[in-house]
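Participant: Here it is, the structure, as structure tokens.
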Amino acid sequence: MTDPQFPMTQTELGAEEPIAIPVAESGPRQKLPPGKWLRRNLFNNWYNSLLTIVIGALLLFVAVRAFSFVFITGRWEPVRANLTLFQIGTFPRDEEWRVVAQVLIWTAALGLGVGAAVAGAKFRALQAGVEYVTDPALDRLKRYWALVLLLLVWLFFADTIGPLLLTVASLALAWGGYAAASRVSGPNVGLLWSVVGVLGVLGFQIVSGFFGLGWLWMGLPIAVAVYALLGRPDTDDVKRQRRIQLIGVLVTFAVLFGVYTAVDSVGVEWDDWEGLQLNLLAAAIAIALSFPLGLLLALARRSSFPALRVMATTYIEIIRGVPLISLLLMAQFFIGFFLNTDTPLSLFTRAIAAMTLFTAAYVAEIVRGGLQAVPKGQMEAGNSIGLPAWKVTQLIVLPQALRAVIPAMVGQFISLFKDTSLLLIIGKLELLGVREIVHGQPDFRGFGIAESLVYVAFVFWAISFTMSRESQRLERKLGVGER
Amino acid sequence: MTQTTIEPPPEVDPNESVVWYRNVRVLRVVGQVVAVATVVGLIAWLFNNLLTNLDRQNINTDFGFLDRPTNFEISFDQGFDPRSPVWQMVLVGLKNTFLAGIVGIVIASIVGLIVGISRLSSNWLVARAATLYVETFRNIPPLVIIIFFGFAIFTFGPFPLLSEATQINFLGTDDNLLILSNTIWGIPGFVAEDNVGVFWITFGVAVLAAIGVAIWRTQLSDRTGVHHHRVRWALGTFLVIAIIGHFLAGGAWSMSWPVVSENGRRIDGGFIMNFGFIATALALGLYTASHIAEIIRGSILAVPKGQSEAANAIALTGFQRYRYIILPQALRIALPPTINQYLNLVKNTSLGIAVSYAEITLLTKTSIGNGRPAPQSIAILMGVYLVFSLVISLLLNAYNRRIQLVER
Amino acid sequence: MTDNVQGNGAEVFSDATQVAGTGEVMIELTAVDKFFGDFQALANINMRVGKQEVVVVIGPSGSGKSTMIRCINRLEEHDAGRIVVDGTELSDDIRNIQEVRRETGMVFQQFNLFPHLTVMDNITLGPRQVRNLPKKEAEDLAMDLLTKVKIPEQARKFPGQLSGGQQQRVAIARSLAMNPKVMLFDEPTSALDPEMIKEVLDTMKELAESGMTMIVVTHEMGFAREVADRVVFMADGEIVEVGTPQHFFESPTEDRTKLFLSQIL
């Protein structure tokens, strides 16, 4: 069965698939004089004229109502008075500096990451002898208008100087990171990604603390960098080289383990992460954890071992057949019972577990679509040059399959981000849950209900909309679904 | 150039001497056995933990609770007796889940089709309005939309309290066509009288007769070439016999008009919808419509351009082109993903929990809160959704196979 | 086993189990059968290929030509009979399978270059991953090979930027980078535009002249006539006739061969 939800399953990524080289998007658009334009696009026959008038009137009415709601009748006090609550919930207020540090670190990482992607694309274009075209800065800003609007709304609601300073600082960091990273020369882009990874983990641990298994997460990006740095292209003895690299990686982890054991500083409990921060974080953690699981499931489902296929298919179909809520209820009531732990798991951990198990099934189907799009000849070519099966998968199949599924994965992330609103139902104070707290305050009981909901909807909308636009852009860039 | 003839190699089985750990056949079996053993072991370990922990907490692991009384009332459902067993509660939840699901599907299909076609309209304003619709609804979590309808529009919205409900009368009579309040709405409904049994018998007869007529028309058409019109004929036959049956039974159904009760707390008679139902069905309908619109749009674009050109070549009008050439092909492409969306919609009715709509998830959660064992309750909940999803997937797979056969 | 094959051995090379070249046997297929479900794709194939010999396999589509050479490097698993490549038997031993794959290069009809890697990385992948060659050395080797196939200037491009003929020459270079003892060609020119066929055939010709052992499945009769030491004609999963190009094109003995040649020449 071809799954029409995933367009790449129907697309042949043939051997002639060109590598993604960014090109300017806007095609030639012809300009018509206004009168002619109106006649052609709005009043070209009687029923279109009628439609134009009816729809126009309707839109005008909606626009007027929306305008008066937003600027005149709307009572935004519940939102304005609780902006911090909406952002971070009841996060301990004397630890707020951690959140500020997190925002700064992550925006810097984001800037570096985008810059690294651009540097990589530039390098590939240079190698291939193709001109690399960047979009004009204005176009790039337009792409993020929804996020800009969201930022402006936040700044408008904020009554202190703090948020403004934070916004300016993080924008500056993001821009600086981007500017610096996009100038990095090709071969060093890999290291740049390691830096992005380190900053990502650091931003997380600045809040959660540097303890426990933290060394493992921090070790991953550093180890990748160490492995790459120890590699010499002109070595005589490849096996000895690999031994050195392996020792370097082990030393890295050992050092980090030592450091984390010595520091052992616990930050803020996960159950205290609330508000919009929780929505973003839960979605990011769940998608990151579900990716390896989904990848394994997809490989198992495409495996030549019937037993693996049956098990993977069973898991995927069961999970896809039930709503996320049922898994979250499981998390709320008894998922902890499956483990033999003395200390009960935090509700956050249990919810993340449920969301990860749920998302893994969908990620598996996305990755399977990508795997199906890799022609069989690719594997045969890999086999014929003597690569063992796992290396064919790792070096030939996966790089092609995963590149093809990036847009669908962004789509899955959006869907997961929207689904984090369900955490409300098991009693976590995410964005929507904070709203209920706000209306529990004596000042705002039964008042400004529509306004707070519109605010919450707008926050979700601005973030999802921007990401979905980005994923469409990526899809066009990667040429998926067009041929 | 030289030529040599070489003796054939001795007849031995080359695989006899292969060491087992390098034998691909052995490795295949070993690999699968190890994988299965790992997974089975993991599951066994998890369930062993679960049973131990449940035992420690003194929670039963049997399904005996299904026969014991529910012990709580279902809001807006006066017909439900709290003393009835839990399995009856499950059935009520199931009924409400599907009710919201079906109404949502109808809304999503109609709105989705209109918006999807509008996205491709040559009228700039119509296309833009449709895009606005899609981009708005698609990027807001359905739960937020449901809560918006449930609280911002109903509970705390512009609708009056039930005691002062807006009542719209039927053409000058005193009968209420519509009662609007902020908690429940009433519309006229049908009530079965005592002799409804006779009606159901004639109803069965009507269905059989309709099928018979449809077969007869098909055969007639095959024989003589007359257009069969079998749907019209079958529907007509069915209606005629069913209506005759209704009167033969001496009026098996009677109209029931909704009336606000004197204390202003309920609506008596008619068909009653509570705000949870309306919010869930409407919100999910509008949300899913944005996805269906994208599917419709994609499917129309997927119909090859040559089809349009061919339609123009035989001088069809724009409408005819859509009605007879483009839409039939597009809808066939759109059907499988649309049914996936329907499935999602039915699963999403579980979000009705946020507006106290008594569908199966809310009832399961309430029931767990009332001391029923969570693992079994949630297992039943998942089982219900799972059976439904799997049945639909099987039908869909069968359909896809048929379509693929036709296309080859 | 030899008596299973038609022909009486009196005619020169009429028996597929005889070899030309240096006289050493490189590839040996004995009574090989292959089924796809109920369909018998190969029926009792007996063939030997000598070191430095060039064998061209022709036949109508569906005759089992491709299946036969795909069995030689285990892209398909044969169901009965024996296949020995340079003394290594293709059995269930995973080490033997890898060994044979390392020693045979294969060129596909659809090129099957890795689209996500540059031409250079396509060629160095095998040497670096399988033969553990250092990066520098592998790249020098790749440049040598690219020079040999006459496209050294394309090293940093991606396959999608090259013409079909260039892609196929990269594919040949990629196979040669593994330093194979045998090269298998599965209709290497069938997916090419006419004007690009020659450049690929020229490359193959040079390879044959350098003494490579080659089995070539092709419809290019000119190539067969000019380069082949022997021509094997297959139909319905069987080897129908074997001979020198001269014998084959001037005085074929079997009816099926005559019919086939009359249809294509």
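Scheme for the structure tokens: letters A, B, ... for chains in order shown; per-chain residue numbers from 1; ligand numbers from 1 in order shown.
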Chain A residues within 9 Å of chain C, counting only C-alpha atoms: which ones, as JSON, numbers by chain?
Facilitator: {"A": [14, 15, 16, 17, 18, 19, 124, 127, 128, 129, 232, 233, 234, 235, 236, 237, 238, 239, 375, 377, 378, 379, 380, 381, 382, 383, 384, 385, 386, 387, 388, 391, 395, 396, 399, 400]}
Participant: Give me, as an MDAnalysis selection string, the contact residues of chain A against chain B at a cut-off of 6 Å, counting only C-alpha atoms.
Facilitator: chainID A and resid 4 41:42 307 321:323 337:340 418 449:450 457 460:461 464:465
Participant: Write down as a PyMOL selection string the residues of range 49-226 of chain B whose backbone DSSP state falls under alpha helix (DSSP H).
Facilitator: chain B and resi 49-56+86-119+124-138+142-147+196-224
Participant: To one decimal in Å, tell me the separation between CA of Pro82 in chain B and CA of Tyr357 in chain B.
Facilitator: 17.0 Å
Participant: Using only C-alpha atoms, which residues sit within 10 Å of range 194-209 of chain C once same-chain residues fewer than 2 positions away are excluded, as a PyMOL selection string?
Facilitator: chain C and resi 52-54+148-150+163-169+172-173+176+183+185+188-192+211-214+216+220+222-223+226-228
Participant: Next, dump the selected residues to file, keeping only N, CA and C atoms, as an mmCIF file, in the first residue's frame.
Facilitator:
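After the write, selection_34.cif holds the following:
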data_model
loop_
_atom_site.group_PDB
_atom_site.id
_atom_site.type_symbol
_atom_site.label_atom_id
_atom_site.label_comp_id
_atom_site.auth_asym_id
_atom_site.auth_seq_id
_atom_site.Cartn_x
_atom_site.Cartn_y
_atom_site.Cartn_z
ATOM 1 N N GLN C 52 41.703 -13.340 -17.954
ATOM 2 C CA GLN C 52 41.904 -12.369 -19.043
ATOM 3 C C GLN C 52 41.008 -12.614 -20.246
ATOM 4 N N GLU C 53 40.008 -13.454 -20.061
ATOM 5 C CA GLU C 53 39.095 -13.718 -21.167
ATOM 6 C C GLU C 53 37.947 -12.710 -21.148
ATOM 7 N N VAL C 54 37.430 -12.379 -22.342
ATOM 8 C CA VAL C 54 36.259 -11.513 -22.419
ATOM 9 C C VAL C 54 35.112 -12.324 -23.014
ATOM 10 N N LYS C 148 42.044 7.614 -16.374
ATOM 11 C CA LYS C 148 41.939 6.491 -17.289
ATOM 12 C C LYS C 148 40.615 6.529 -18.057
ATOM 13 N N VAL C 149 39.515 6.877 -17.356
ATOM 14 C CA VAL C 149 38.228 6.937 -18.061
ATOM 15 C C VAL C 149 37.991 8.331 -18.644
ATOM 16 N N LYS C 150 39.022 9.189 -18.590
ATOM 17 C CA LYS C 150 39.060 10.476 -19.301
ATOM 18 C C LYS C 150 38.109 11.542 -18.763
ATOM 19 N N SER C 163 26.602 13.722 -17.620
ATOM 20 C CA SER C 163 25.801 13.063 -18.649
ATOM 21 C C SER C 163 25.791 11.564 -18.359
ATOM 22 N N GLY C 164 24.860 10.858 -19.022
ATOM 23 C CA GLY C 164 24.755 9.420 -18.799
ATOM 24 C C GLY C 164 26.065 8.692 -19.088
ATOM 25 N N GLY C 165 26.704 9.074 -20.200
ATOM 26 C CA GLY C 165 27.947 8.401 -20.561
ATOM 27 C C GLY C 165 29.019 8.639 -19.513
ATOM 28 N N GLN C 166 29.100 9.884 -19.023
ATOM 29 C CA GLN C 166 30.090 10.191 -17.981
ATOM 30 C C GLN C 166 29.789 9.408 -16.712
ATOM 31 N N GLN C 167 28.465 9.321 -16.370
ATOM 32 C CA GLN C 167 28.102 8.588 -15.164
ATOM 33 C C GLN C 167 28.539 7.135 -15.270
ATOM 34 N N GLN C 168 28.316 6.543 -16.459
ATOM 35 C CA GLN C 168 28.665 5.136 -16.590
ATOM 36 C C GLN C 168 30.172 4.940 -16.501
ATOM 37 N N ARG C 169 30.934 5.918 -16.995
ATOM 38 C CA ARG C 169 32.387 5.790 -16.890
ATOM 39 C C ARG C 169 32.831 5.932 -15.444
ATOM 40 N N ILE C 172 32.289 2.654 -13.890
ATOM 41 C CA ILE C 172 33.369 1.706 -14.206
ATOM 42 C C ILE C 172 34.577 1.990 -13.313
ATOM 43 N N ALA C 173 34.898 3.285 -13.163
ATOM 44 C CA ALA C 173 36.023 3.658 -12.306
ATOM 45 C C ALA C 173 35.772 3.209 -10.869
ATOM 46 N N LEU C 176 36.509 -0.405 -10.622
ATOM 47 C CA LEU C 176 37.935 -0.697 -10.764
ATOM 48 C C LEU C 176 38.705 -0.318 -9.499
ATOM 49 N N MET C 183 35.389 -8.273 -14.027
ATOM 50 C CA MET C 183 34.387 -7.205 -14.153
ATOM 51 C C MET C 183 33.143 -7.776 -14.825
ATOM 52 N N PHE C 185 29.519 -6.743 -16.533
ATOM 53 C CA PHE C 185 28.781 -5.606 -17.105
ATOM 54 C C PHE C 185 27.372 -6.054 -17.425
ATOM 55 N N PRO C 188 25.549 -2.380 -19.992
ATOM 56 C CA PRO C 188 26.052 -1.070 -19.560
ATOM 57 C C PRO C 188 25.650 0.079 -20.467
ATOM 58 N N THR C 189 25.221 -0.213 -21.700
ATOM 59 C CA THR C 189 24.918 0.905 -22.604
ATOM 60 C C THR C 189 23.430 1.032 -22.910
ATOM 61 N N SER C 190 22.612 0.174 -22.292
ATOM 62 C CA SER C 190 21.189 0.163 -22.678
ATOM 63 C C SER C 190 20.435 1.412 -22.267
ATOM 64 N N ALA C 191 20.910 2.086 -21.207
ATOM 65 C CA ALA C 191 20.175 3.257 -20.738
ATOM 66 C C ALA C 191 20.769 4.546 -21.291
ATOM 67 N N LEU C 192 21.696 4.424 -22.253
ATOM 68 C CA LEU C 192 22.396 5.618 -22.733
ATOM 69 C C LEU C 192 21.818 6.125 -24.056
ATOM 70 N N GLY C 211 43.772 -6.574 -20.222
ATOM 71 C CA GLY C 211 43.863 -7.921 -19.693
ATOM 72 C C GLY C 211 42.885 -8.244 -18.582
ATOM 73 N N MET C 212 41.835 -7.441 -18.454
ATOM 74 C CA MET C 212 40.833 -7.708 -17.423
ATOM 75 C C MET C 212 39.943 -8.883 -17.846
ATOM 76 N N THR C 213 39.598 -9.722 -16.903
ATOM 77 C CA THR C 213 38.609 -10.759 -17.161
ATOM 78 C C THR C 213 37.230 -10.108 -17.132
ATOM 79 N N MET C 214 36.431 -10.304 -18.184
ATOM 80 C CA MET C 214 35.157 -9.588 -18.259
ATOM 81 C C MET C 214 34.038 -10.495 -18.738
ATOM 82 N N VAL C 216 30.301 -9.661 -20.225
ATOM 83 C CA VAL C 216 29.531 -8.497 -20.651
ATOM 84 C C VAL C 216 28.184 -8.955 -21.212
ATOM 85 N N GLU C 220 25.135 -4.858 -27.922
ATOM 86 C CA GLU C 220 26.017 -4.218 -28.890
ATOM 87 C C GLU C 220 26.795 -5.282 -29.656
ATOM 88 N N GLY C 222 28.464 -5.070 -32.369
ATOM 89 C CA GLY C 222 29.758 -4.604 -32.843
ATOM 90 C C GLY C 222 30.822 -4.861 -31.789
ATOM 91 N N PHE C 223 30.474 -4.571 -30.559
ATOM 92 C CA PHE C 223 31.395 -4.794 -29.454
ATOM 93 C C PHE C 223 31.725 -6.283 -29.340
ATOM 94 N N GLU C 226 34.055 -7.414 -32.065
ATOM 95 C CA GLU C 226 35.396 -6.846 -32.041
ATOM 96 C C GLU C 226 36.210 -7.285 -30.828
ATOM 97 N N VAL C 227 35.567 -7.362 -29.673
ATOM 98 C CA VAL C 227 36.319 -7.516 -28.433
ATOM 99 C C VAL C 227 36.229 -8.928 -27.844
ATOM 100 N N ALA C 228 35.089 -9.599 -28.045
ATOM 101 C CA ALA C 228 34.872 -10.845 -27.318
ATOM 102 C C ALA C 228 35.840 -11.939 -27.739
#
Participant: Just how far from CA of Ala283 in chain B is CA of Trp87 in chain B, in Å to one decimal?
Facilitator: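 Between CA of Trp87 in chain B and CA of Ala283 in chain B the gap is 28.7 Å.
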Participant: From a DSSP pass on the backbone, collect the residues of range 52-197 of chain B flagged as strand (DSSP E or B) and hand them back as a list in words.
Facilitator: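 Residues of range 52-197 of chain B classed as strand (DSSP E or B): Pro69, Pro85, Thr166, Gln167, Ile168, Asn169, Asn176, Leu177, Leu178, Ile179, Leu180, Ile184, Trp185, Gly186, Ile187, Gly189, Phe190, Val191 and Ala192 of chain B.
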Participant: What is the distance, in Å and to one decimal place, between CA of Thr313 in chain A and CA of Ala300 in chain A?
Facilitator: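 It comes out at 8.6 Å.
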Participant: Need to verify the contact set: Val92 in chain B, 12 Å, only C-alpha atoms, exclusion of same-chain residues closer than 3 positions in sequence. Can you return it as a VMD selection string?
Facilitator: chain B and resid 70 73 to 75 77 79 to 81 84 to 89 95 to 99 357 to 364
Participant: Using only C-alpha atoms, which protein or nucleic acid residues come within 9 Å of Tyr227 in chain A? Drop anything in the same chain fewer than 3 positions from it, and give the result as a PyMOL selection string.
Facilitator: chain A and resi 222-224+230-231+242+244-246+248-249
Participant: Atoms to include: N, CA and C atoms. Write the selected residues as a JSON list (two decimals), in the first residue's frame.
Facilitator:
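Once written, out37.json looks like this:
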[["chain", "number", "residue", "atom", "x", "y", "z"],
["A", 222, "ILE", "N", 30.67, 16.31, 21.57],
["A", 222, "ILE", "CA", 32.11, 16.49, 21.74],
["A", 222, "ILE", "C", 32.86, 15.30, 21.16],
["A", 223, "ALA", "N", 32.34, 14.11, 21.41],
["A", 223, "ALA", "CA", 33.01, 12.90, 20.92],
["A", 223, "ALA", "C", 33.06, 12.91, 19.39],
["A", 224, "VAL", "N", 31.96, 13.35, 18.77],
["A", 224, "VAL", "CA", 31.95, 13.42, 17.31],
["A", 224, "VAL", "C", 33.07, 14.34, 16.83],
["A", 230, "LEU", "N", 40.79, 13.89, 15.27],
["A", 230, "LEU", "CA", 41.90, 12.93, 15.33],
["A", 230, "LEU", "C", 42.13, 12.24, 13.99],
["A", 231, "GLY", "N", 41.21, 12.41, 13.05],
["A", 231, "GLY", "CA", 41.36, 11.74, 11.76],
["A", 231, "GLY", "C", 42.37, 12.47, 10.89],
["A", 242, "ARG", "N", 42.15, 4.39, 13.52],
["A", 242, "ARG", "CA", 40.84, 4.18, 14.14],
["A", 242, "ARG", "C", 40.97, 3.89, 15.62],
["A", 244, "ILE", "N", 43.27, 5.09, 17.60],
["A", 244, "ILE", "CA", 43.52, 6.37, 18.26],
["A", 244, "ILE", "C", 42.22, 7.15, 18.42],
["A", 245, "GLN", "N", 41.42, 7.16, 17.34],
["A", 245, "GLN", "CA", 40.15, 7.90, 17.41],
["A", 245, "GLN", "C", 39.26, 7.34, 18.50],
["A", 246, "LEU", "N", 39.21, 6.00, 18.57],
["A", 246, "LEU", "CA", 38.36, 5.36, 19.57],
["A", 246, "LEU", "C", 38.82, 5.73, 20.97],
["A", 248, "GLY", "N", 40.44, 8.40, 21.83],
["A", 248, "GLY", "CA", 40.08, 9.80, 22.03],
["A", 248, "GLY", "C", 38.63, 9.93, 22.50],
["A", 249, "VAL", "N", 37.74, 9.19, 21.86],
["A", 249, "VAL", "CA", 36.32, 9.25, 22.23],
["A", 249, "VAL", "C", 36.13, 8.77, 23.66]]
Participant: Which of these residues is nearest to chain B, using only C-alpha atoms: C:Cys71, C:Asp92, C:Glu77, C:Val49?
Facilitator: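 So, comparing all the options, the nearest one is C:Asp92.
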Participant: May I have the residues within 6 Å of Leu177 in chain B as a ChimeraX atom specification, using only C-alpha atoms and disregarding those fewer than 5 positions away in the same chain?
Facilitator: /B:168-170,187
Participant: Could you write out that same residue set with N, CA and C atoms as a compact mmCIF listing (two decimals), in the first residue's frame?
Facilitator:
# COMPACT_ATOMS: atom_id res chain seq x y z
N ILE B 168 -36.62 29.42 18.71
CA ILE B 168 -37.07 29.78 17.37
C ILE B 168 -38.22 28.85 17.00
N ASN B 169 -39.35 29.44 16.66
CA ASN B 169 -40.55 28.63 16.44
C ASN B 169 -40.67 28.19 15.00
N PHE B 170 -41.46 27.14 14.82
CA PHE B 170 -41.66 26.56 13.51
C PHE B 170 -42.84 27.25 12.83
N ILE B 187 -33.32 20.42 19.12
CA ILE B 187 -33.97 20.46 17.80
C ILE B 187 -35.03 19.37 17.80
Participant: I'd like the contact shell of Asn182 in chain B - 10 Å cut-off, only C-alpha atoms, skipping same-chain residues fewer than 5 positions apart - returned as a compact mmCIF listing (two decimals) with all heavy atoms, in the first residue's frame.
Facilitator:
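Okay, this is what ended up in out.txt:
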# COMPACT_ATOMS: atom_id res chain seq x y z
N GLY B 150 -16.04 25.40 23.13
CA GLY B 150 -16.72 24.96 24.36
C GLY B 150 -16.88 26.09 25.36
O GLY B 150 -17.94 26.21 25.98
N PHE B 151 -15.86 26.91 25.53
CA PHE B 151 -15.92 27.92 26.58
C PHE B 151 -16.10 29.33 26.04
O PHE B 151 -16.94 30.08 26.53
CB PHE B 151 -14.69 27.82 27.47
CG PHE B 151 -14.65 26.53 28.22
CD1 PHE B 151 -13.66 25.60 27.99
CD2 PHE B 151 -15.65 26.23 29.14
CE1 PHE B 151 -13.65 24.39 28.66
CE2 PHE B 151 -15.65 25.02 29.83
CZ PHE B 151 -14.65 24.10 29.58
N ILE B 153 -17.22 30.29 23.11
CA ILE B 153 -18.45 30.50 22.34
C ILE B 153 -19.67 30.04 23.11
O ILE B 153 -20.69 30.72 23.12
CB ILE B 153 -18.34 29.80 20.97
CG1 ILE B 153 -17.29 30.54 20.15
CG2 ILE B 153 -19.69 29.80 20.25
CD1 ILE B 153 -17.17 30.12 18.73
N PHE B 154 -19.56 28.88 23.82
CA PHE B 154 -20.74 28.44 24.56
C PHE B 154 -20.75 28.92 26.00
O PHE B 154 -21.36 29.94 26.31
CB PHE B 154 -20.88 26.92 24.48
CG PHE B 154 -21.28 26.49 23.09
CD1 PHE B 154 -20.40 25.85 22.25
CD2 PHE B 154 -22.56 26.77 22.64
CE1 PHE B 154 -20.77 25.49 20.98
CE2 PHE B 154 -22.94 26.40 21.37
CZ PHE B 154 -22.05 25.78 20.54
N THR B 155 -20.08 28.23 26.89
CA THR B 155 -20.25 28.49 28.32
C THR B 155 -20.17 29.97 28.68
O THR B 155 -21.03 30.51 29.37
CB THR B 155 -19.19 27.71 29.11
OG1 THR B 155 -19.13 26.40 28.58
CG2 THR B 155 -19.56 27.65 30.57
N PHE B 156 -19.10 30.64 28.22
CA PHE B 156 -18.94 32.04 28.57
C PHE B 156 -19.22 32.96 27.39
O PHE B 156 -18.87 34.13 27.40
CB PHE B 156 -17.51 32.30 29.09
CG PHE B 156 -17.18 31.55 30.33
CD1 PHE B 156 -16.51 30.35 30.26
CD2 PHE B 156 -17.57 32.04 31.57
CE1 PHE B 156 -16.21 29.65 31.41
CE2 PHE B 156 -17.27 31.34 32.73
CZ PHE B 156 -16.59 30.13 32.65
N GLY B 157 -19.83 32.40 26.35
CA GLY B 157 -19.98 33.16 25.13
C GLY B 157 -21.29 33.92 25.05
O GLY B 157 -21.94 34.17 26.07
N PRO B 158 -21.70 34.26 23.84
CA PRO B 158 -22.86 35.12 23.64
C PRO B 158 -24.21 34.43 23.86
O PRO B 158 -25.23 35.11 23.93
CB PRO B 158 -22.72 35.54 22.17
CG PRO B 158 -21.91 34.48 21.53
CD PRO B 158 -21.00 33.96 22.57
N PHE B 159 -24.21 33.10 23.98
CA PHE B 159 -25.52 32.44 24.10
C PHE B 159 -26.10 32.63 25.50
O PHE B 159 -25.38 32.66 26.49
CB PHE B 159 -25.39 30.94 23.79
CG PHE B 159 -25.09 30.69 22.35
CD1 PHE B 159 -23.82 30.30 21.96
CD2 PHE B 159 -26.08 30.87 21.39
CE1 PHE B 159 -23.53 30.07 20.63
CE2 PHE B 159 -25.80 30.65 20.06
CZ PHE B 159 -24.53 30.25 19.68
N PRO B 160 -27.45 32.73 25.59
CA PRO B 160 -28.10 32.98 26.88
C PRO B 160 -28.12 31.73 27.76
O PRO B 160 -27.90 30.62 27.29
CB PRO B 160 -29.52 33.37 26.48
CG PRO B 160 -29.73 32.67 25.17
CD PRO B 160 -28.41 32.68 24.48
N LEU B 161 -28.41 31.92 29.03
CA LEU B 161 -28.59 30.79 29.93
C LEU B 161 -29.80 29.99 29.48
O LEU B 161 -30.69 30.50 28.80
CB LEU B 161 -28.81 31.29 31.36
CG LEU B 161 -27.62 31.99 32.01
CD1 LEU B 161 -28.03 32.51 33.39
CD2 LEU B 161 -26.44 31.04 32.12
N LEU B 162 -29.87 28.74 29.90
CA LEU B 162 -30.96 27.88 29.45
C LEU B 162 -32.31 28.42 29.89
O LEU B 162 -33.31 28.35 29.17
CB LEU B 162 -30.74 26.46 29.97
CG LEU B 162 -31.75 25.43 29.50
CD1 LEU B 162 -31.81 25.39 27.99
CD2 LEU B 162 -31.41 24.06 30.05
N GLU B 164 -33.26 31.33 30.01
CA GLU B 164 -33.71 32.41 29.12
C GLU B 164 -33.37 32.07 27.67
O GLU B 164 -33.06 32.94 26.87
CB GLU B 164 -33.01 33.73 29.48
CG GLU B 164 -33.08 34.08 30.94
CD GLU B 164 -31.84 34.83 31.41
OE1 GLU B 164 -30.98 35.17 30.58
OE2 GLU B 164 -31.73 35.04 32.63
N ALA B 165 -33.45 30.78 27.35
CA ALA B 165 -32.95 30.33 26.06
C ALA B 165 -33.68 30.98 24.90
O ALA B 165 -34.89 31.25 24.97
CB ALA B 165 -33.08 28.82 25.96
N THR B 166 -32.94 31.22 23.82
CA THR B 166 -33.54 31.69 22.58
C THR B 166 -34.34 30.55 21.98
O THR B 166 -33.83 29.45 21.82
CB THR B 166 -32.44 32.08 21.58
OG1 THR B 166 -31.47 32.87 22.27
CG2 THR B 166 -33.01 32.83 20.41
N ASN B 274 -25.61 18.69 23.78
CA ASN B 274 -24.99 19.55 24.78
C ASN B 274 -23.79 20.26 24.18
O ASN B 274 -23.31 19.91 23.10
CB ASN B 274 -24.62 18.74 26.03
CG ASN B 274 -23.60 17.68 25.73
OD1 ASN B 274 -22.49 17.99 25.31
ND2 ASN B 274 -23.96 16.42 25.91
N PHE B 275 -23.29 21.25 24.88
CA PHE B 275 -22.23 22.10 24.29
C PHE B 275 -20.96 21.30 24.03
O PHE B 275 -20.21 21.59 23.10
CB PHE B 275 -21.96 23.31 25.19
CG PHE B 275 -21.07 23.03 26.35
CD1 PHE B 275 -19.71 23.34 26.30
CD2 PHE B 275 -21.57 22.45 27.51
CE1 PHE B 275 -18.88 23.09 27.38
CE2 PHE B 275 -20.75 22.20 28.58
CZ PHE B 275 -19.40 22.50 28.52
